[in-house]
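Novice: Next comes the structure file upload_0.cif, holding mmCIF, N, CA and C atoms.
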data_query
#
loop_
_atom_site.group_PDB
_atom_site.id
_atom_site.type_symbol
_atom_site.label_atom_id
_atom_site.label_comp_id
_atom_site.auth_asym_id
_atom_site.auth_seq_id
_atom_site.Cartn_x
_atom_site.Cartn_y
_atom_site.Cartn_z
ATOM 1 N N MET A 1 -207.597 118.086 167.428
ATOM 2 C CA MET A 1 -207.570 119.068 166.358
ATOM 3 C C MET A 1 -206.363 119.992 166.499
ATOM 4 N N LYS A 2 -205.994 120.323 167.731
ATOM 5 C CA LYS A 2 -204.855 121.212 167.974
ATOM 6 C C LYS A 2 -203.563 120.580 167.445
ATOM 7 N N GLU A 3 -203.371 119.267 167.680
ATOM 8 C CA GLU A 3 -202.169 118.579 167.219
ATOM 9 C C GLU A 3 -202.108 118.540 165.696
ATOM 10 N N PHE A 4 -203.274 118.372 165.061
ATOM 11 C CA PHE A 4 -203.325 118.346 163.603
ATOM 12 C C PHE A 4 -202.887 119.692 163.026
ATOM 13 N N LEU A 5 -203.370 120.789 163.593
ATOM 14 C CA LEU A 5 -203.011 122.117 163.092
ATOM 15 C C LEU A 5 -201.533 122.409 163.316
ATOM 16 N N ILE A 6 -200.996 121.975 164.457
ATOM 17 C CA ILE A 6 -199.562 122.181 164.712
ATOM 18 C C ILE A 6 -198.733 121.364 163.719
ATOM 19 N N GLY A 7 -199.109 120.105 163.501
ATOM 20 C CA GLY A 7 -198.398 119.270 162.525
ATOM 21 C C GLY A 7 -198.484 119.835 161.121
ATOM 22 N N LEU A 8 -199.674 120.331 160.765
ATOM 23 C CA LEU A 8 -199.850 120.930 159.437
ATOM 24 C C LEU A 8 -199.003 122.188 159.289
ATOM 25 N N SER A 9 -198.952 123.014 160.323
ATOM 26 C CA SER A 9 -198.148 124.233 160.244
ATOM 27 C C SER A 9 -196.659 123.909 160.159
ATOM 28 N N VAL A 10 -196.225 122.851 160.870
ATOM 29 C CA VAL A 10 -194.819 122.438 160.774
ATOM 30 C C VAL A 10 -194.502 121.966 159.364
ATOM 31 N N LEU A 11 -195.388 121.196 158.754
ATOM 32 C CA LEU A 11 -195.164 120.738 157.380
ATOM 33 C C LEU A 11 -195.145 121.898 156.396
ATOM 34 N N ILE A 12 -196.016 122.879 156.592
ATOM 35 C CA ILE A 12 -196.039 124.046 155.705
ATOM 36 C C ILE A 12 -194.731 124.822 155.807
ATOM 37 N N VAL A 13 -194.245 125.022 157.027
ATOM 38 C CA VAL A 13 -192.971 125.732 157.223
ATOM 39 C C VAL A 13 -191.823 124.937 156.606
ATOM 40 N N PHE A 14 -191.837 123.610 156.787
ATOM 41 C CA PHE A 14 -190.786 122.765 156.220
ATOM 42 C C PHE A 14 -190.757 122.882 154.695
ATOM 43 N N PHE A 15 -191.935 122.774 154.045
ATOM 44 C CA PHE A 15 -191.974 122.875 152.590
ATOM 45 C C PHE A 15 -191.650 124.290 152.115
ATOM 46 N N PHE A 16 -191.971 125.290 152.911
ATOM 47 C CA PHE A 16 -191.612 126.664 152.573
ATOM 48 C C PHE A 16 -190.094 126.830 152.529
ATOM 49 N N PHE A 17 -189.398 126.346 153.580
ATOM 50 C CA PHE A 17 -187.945 126.458 153.601
ATOM 51 C C PHE A 17 -187.295 125.584 152.532
ATOM 52 N N ALA A 18 -187.882 124.422 152.250
ATOM 53 C CA ALA A 18 -187.354 123.570 151.177
ATOM 54 C C ALA A 18 -187.493 124.277 149.829
ATOM 55 N N GLY A 19 -188.614 124.951 149.620
ATOM 56 C CA GLY A 19 -188.810 125.696 148.369
ATOM 57 C C GLY A 19 -187.824 126.840 148.230
ATOM 58 N N ILE A 20 -187.573 127.539 149.324
ATOM 59 C CA ILE A 20 -186.583 128.624 149.285
ATOM 60 C C ILE A 20 -185.200 128.054 148.968
ATOM 61 N N GLY A 21 -184.865 126.923 149.568
ATOM 62 C CA GLY A 21 -183.567 126.299 149.302
ATOM 63 C C GLY A 21 -183.409 125.904 147.849
ATOM 64 N N ILE A 22 -184.476 125.372 147.253
ATOM 65 C CA ILE A 22 -184.415 124.979 145.838
ATOM 66 C C ILE A 22 -184.279 126.210 144.953
ATOM 67 N N LEU A 23 -184.999 127.274 145.295
ATOM 68 C CA LEU A 23 -184.919 128.488 144.489
ATOM 69 C C LEU A 23 -183.563 129.179 144.617
ATOM 70 N N LEU A 24 -182.924 129.065 145.774
ATOM 71 C CA LEU A 24 -181.628 129.716 145.975
ATOM 72 C C LEU A 24 -180.453 128.875 145.497
ATOM 73 N N PHE A 25 -180.697 127.636 145.092
ATOM 74 C CA PHE A 25 -179.601 126.757 144.667
ATOM 75 C C PHE A 25 -178.781 127.360 143.521
ATOM 76 N N PRO A 26 -179.398 127.932 142.460
ATOM 77 C CA PRO A 26 -178.570 128.557 141.408
ATOM 78 C C PRO A 26 -177.735 129.729 141.930
ATOM 79 N N VAL A 27 -178.272 130.481 142.886
ATOM 80 C CA VAL A 27 -177.516 131.598 143.459
ATOM 81 C C VAL A 27 -176.286 131.065 144.195
ATOM 82 N N PHE A 28 -176.465 129.969 144.949
ATOM 83 C CA PHE A 28 -175.330 129.373 145.652
ATOM 84 C C PHE A 28 -174.296 128.852 144.656
ATOM 85 N N LEU A 29 -174.729 128.267 143.554
ATOM 86 C CA LEU A 29 -173.784 127.793 142.546
ATOM 87 C C LEU A 29 -172.960 128.942 141.984
ATOM 88 N N VAL A 30 -173.605 130.052 141.677
ATOM 89 C CA VAL A 30 -172.888 131.209 141.131
ATOM 90 C C VAL A 30 -171.941 131.787 142.179
ATOM 91 N N MET A 31 -172.386 131.853 143.443
ATOM 92 C CA MET A 31 -171.519 132.379 144.498
ATOM 93 C C MET A 31 -170.273 131.515 144.662
ATOM 94 N N PHE A 32 -170.443 130.188 144.672
ATOM 95 C CA PHE A 32 -169.283 129.314 144.824
ATOM 96 C C PHE A 32 -168.368 129.400 143.617
ATOM 97 N N TRP A 33 -168.930 129.570 142.429
ATOM 98 C CA TRP A 33 -168.120 129.713 141.221
ATOM 99 C C TRP A 33 -167.294 131.001 141.289
ATOM 100 N N LEU A 34 -167.935 132.103 141.693
ATOM 101 C CA LEU A 34 -167.214 133.374 141.813
ATOM 102 C C LEU A 34 -166.181 133.320 142.930
ATOM 103 N N LEU A 35 -166.514 132.660 144.028
ATOM 104 C CA LEU A 35 -165.558 132.525 145.124
ATOM 105 C C LEU A 35 -164.333 131.739 144.678
ATOM 106 N N ARG A 36 -164.537 130.697 143.876
ATOM 107 C CA ARG A 36 -163.409 129.914 143.374
ATOM 108 C C ARG A 36 -162.521 130.758 142.465
ATOM 109 N N ILE A 37 -163.128 131.603 141.638
ATOM 110 C CA ILE A 37 -162.343 132.474 140.758
ATOM 111 C C ILE A 37 -161.556 133.494 141.573
ATOM 112 N N VAL A 38 -162.202 134.103 142.572
ATOM 113 C CA VAL A 38 -161.528 135.116 143.396
ATOM 114 C C VAL A 38 -160.379 134.491 144.184
ATOM 115 N N LEU A 39 -160.598 133.308 144.754
ATOM 116 C CA LEU A 39 -159.523 132.644 145.494
ATOM 117 C C LEU A 39 -158.378 132.232 144.574
ATOM 118 N N GLY A 40 -158.706 131.775 143.388
ATOM 119 C CA GLY A 40 -157.662 131.436 142.417
ATOM 120 C C GLY A 40 -156.850 132.652 142.025
ATOM 121 N N PHE A 41 -157.525 133.768 141.809
ATOM 122 C CA PHE A 41 -156.839 135.015 141.464
ATOM 123 C C PHE A 41 -155.942 135.466 142.610
ATOM 124 N N ALA A 42 -156.436 135.349 143.851
ATOM 125 C CA ALA A 42 -155.631 135.741 145.010
ATOM 126 C C ALA A 42 -154.405 134.838 145.156
ATOM 127 N N LEU A 43 -154.568 133.548 144.891
ATOM 128 C CA LEU A 43 -153.422 132.638 144.965
ATOM 129 C C LEU A 43 -152.388 132.950 143.886
ATOM 130 N N VAL A 44 -152.838 133.294 142.697
ATOM 131 C CA VAL A 44 -151.909 133.663 141.626
ATOM 132 C C VAL A 44 -151.160 134.934 141.999
ATOM 133 N N LEU A 45 -151.866 135.924 142.544
ATOM 134 C CA LEU A 45 -151.201 137.162 142.972
ATOM 135 C C LEU A 45 -150.191 136.891 144.086
ATOM 136 N N ALA A 46 -150.540 136.025 145.029
ATOM 137 C CA ALA A 46 -149.615 135.694 146.117
ATOM 138 C C ALA A 46 -148.383 134.973 145.572
ATOM 139 N N ALA A 47 -148.576 134.085 144.592
ATOM 140 C CA ALA A 47 -147.442 133.370 144.009
ATOM 141 C C ALA A 47 -146.515 134.337 143.271
ATOM 142 N N ILE A 48 -147.079 135.276 142.536
ATOM 143 C CA ILE A 48 -146.256 136.268 141.826
ATOM 144 C C ILE A 48 -145.503 137.132 142.826
ATOM 145 N N TRP A 49 -146.171 137.539 143.904
ATOM 146 C CA TRP A 49 -145.523 138.359 144.931
ATOM 147 C C TRP A 49 -144.378 137.590 145.588
ATOM 148 N N LEU A 50 -144.604 136.312 145.916
ATOM 149 C CA LEU A 50 -143.538 135.509 146.532
ATOM 150 C C LEU A 50 -142.377 135.293 145.569
ATOM 151 N N LEU A 51 -142.668 135.128 144.284
ATOM 152 C CA LEU A 51 -141.601 134.989 143.297
ATOM 153 C C LEU A 51 -140.770 136.268 143.240
ATOM 154 N N GLY A 52 -141.429 137.419 143.282
ATOM 155 C CA GLY A 52 -140.704 138.695 143.288
ATOM 156 C C GLY A 52 -139.840 138.840 144.530
ATOM 157 N N LYS A 53 -140.385 138.444 145.701
ATOM 158 C CA LYS A 53 -139.586 138.497 146.933
ATOM 159 C C LYS A 53 -138.361 137.597 146.820
ATOM 160 N N LEU A 54 -138.542 136.411 146.253
ATOM 161 C CA LEU A 54 -137.433 135.478 146.088
ATOM 162 C C LEU A 54 -136.372 136.044 145.152
ATOM 163 N N VAL A 55 -136.803 136.646 144.055
ATOM 164 C CA VAL A 55 -135.849 137.228 143.102
ATOM 165 C C VAL A 55 -135.076 138.361 143.761
ATOM 166 N N ILE A 56 -135.749 139.220 144.509
ATOM 167 C CA ILE A 56 -135.067 140.321 145.200
ATOM 168 C C ILE A 56 -134.091 139.771 146.234
ATOM 169 N N LEU A 57 -134.491 138.741 146.982
ATOM 170 C CA LEU A 57 -133.613 138.137 147.977
ATOM 171 C C LEU A 57 -132.357 137.541 147.329
ATOM 172 N N VAL A 58 -132.571 136.823 146.246
ATOM 173 C CA VAL A 58 -131.411 136.238 145.541
ATOM 174 C C VAL A 58 -130.533 137.326 144.943
ATOM 175 N N TRP A 59 -131.135 138.358 144.394
ATOM 176 C CA TRP A 59 -130.389 139.457 143.791
ATOM 177 C C TRP A 59 -129.529 140.156 144.842
ATOM 178 N N GLU A 60 -130.070 140.349 146.049
ATOM 179 C CA GLU A 60 -129.314 140.983 147.118
ATOM 180 C C GLU A 60 -128.170 140.074 147.598
ATOM 181 N N LYS A 61 -128.390 138.762 147.618
ATOM 182 C CA LYS A 61 -127.330 137.830 148.023
ATOM 183 C C LYS A 61 -126.188 137.803 147.025
ATOM 184 N N ILE A 62 -126.517 137.954 145.748
ATOM 185 C CA ILE A 62 -125.484 137.938 144.703
ATOM 186 C C ILE A 62 -124.612 139.191 144.806
ATOM 187 N N LYS A 63 -125.167 140.320 145.118
ATOM 188 C CA LYS A 63 -124.409 141.575 145.205
ATOM 189 C C LYS A 63 -123.464 141.509 146.323
#
Write out the structure in this file as structure tokens.
Specialist:
Amino acid sequence: MKEFLIGLSVLIVFFFFAGIGILLFPVFLVMFWLLRIVLGFALVLAAIWLLGKLVILVWEKIK
């Protein structure tokens, strides 16, 4: 009987965590979507900054 209760409790915990994972799946999708937007924005800002550095460097070389 002890083994049955331990096995049953393990199955209950497993299904509990599986249920939490299913419920949190939309939250993870939104987080990854927002993370992709933030990283894209940061890459665009870095590219603009590097372009400005390049223009200043070339401008100084021309003078």
Novice: Any idea what the distance is between CA of Leu39 (chain A) and CA of Leu23 (chain A)?
Specialist: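 Between these atoms lies a distance of 25.8 Å.
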Novice: Could you write out as lines of an AutoDock Vina configuration file the box around region 11-23 of chain A (axis-aligned, all atoms listed in the file, 3 Å on each side), with centre and edge lengths in Å to one decimal?
Specialist:
center_x = -189.7
center_y = 125.0
center_z = 151.6
size_x = 18.6
size_y = 14.4
size_z = 20.3
Novice: Any idea what the distance is between CA of Phe15 (chain A) and CA of Phe28 (chain A)?
Specialist: 19.2 Å
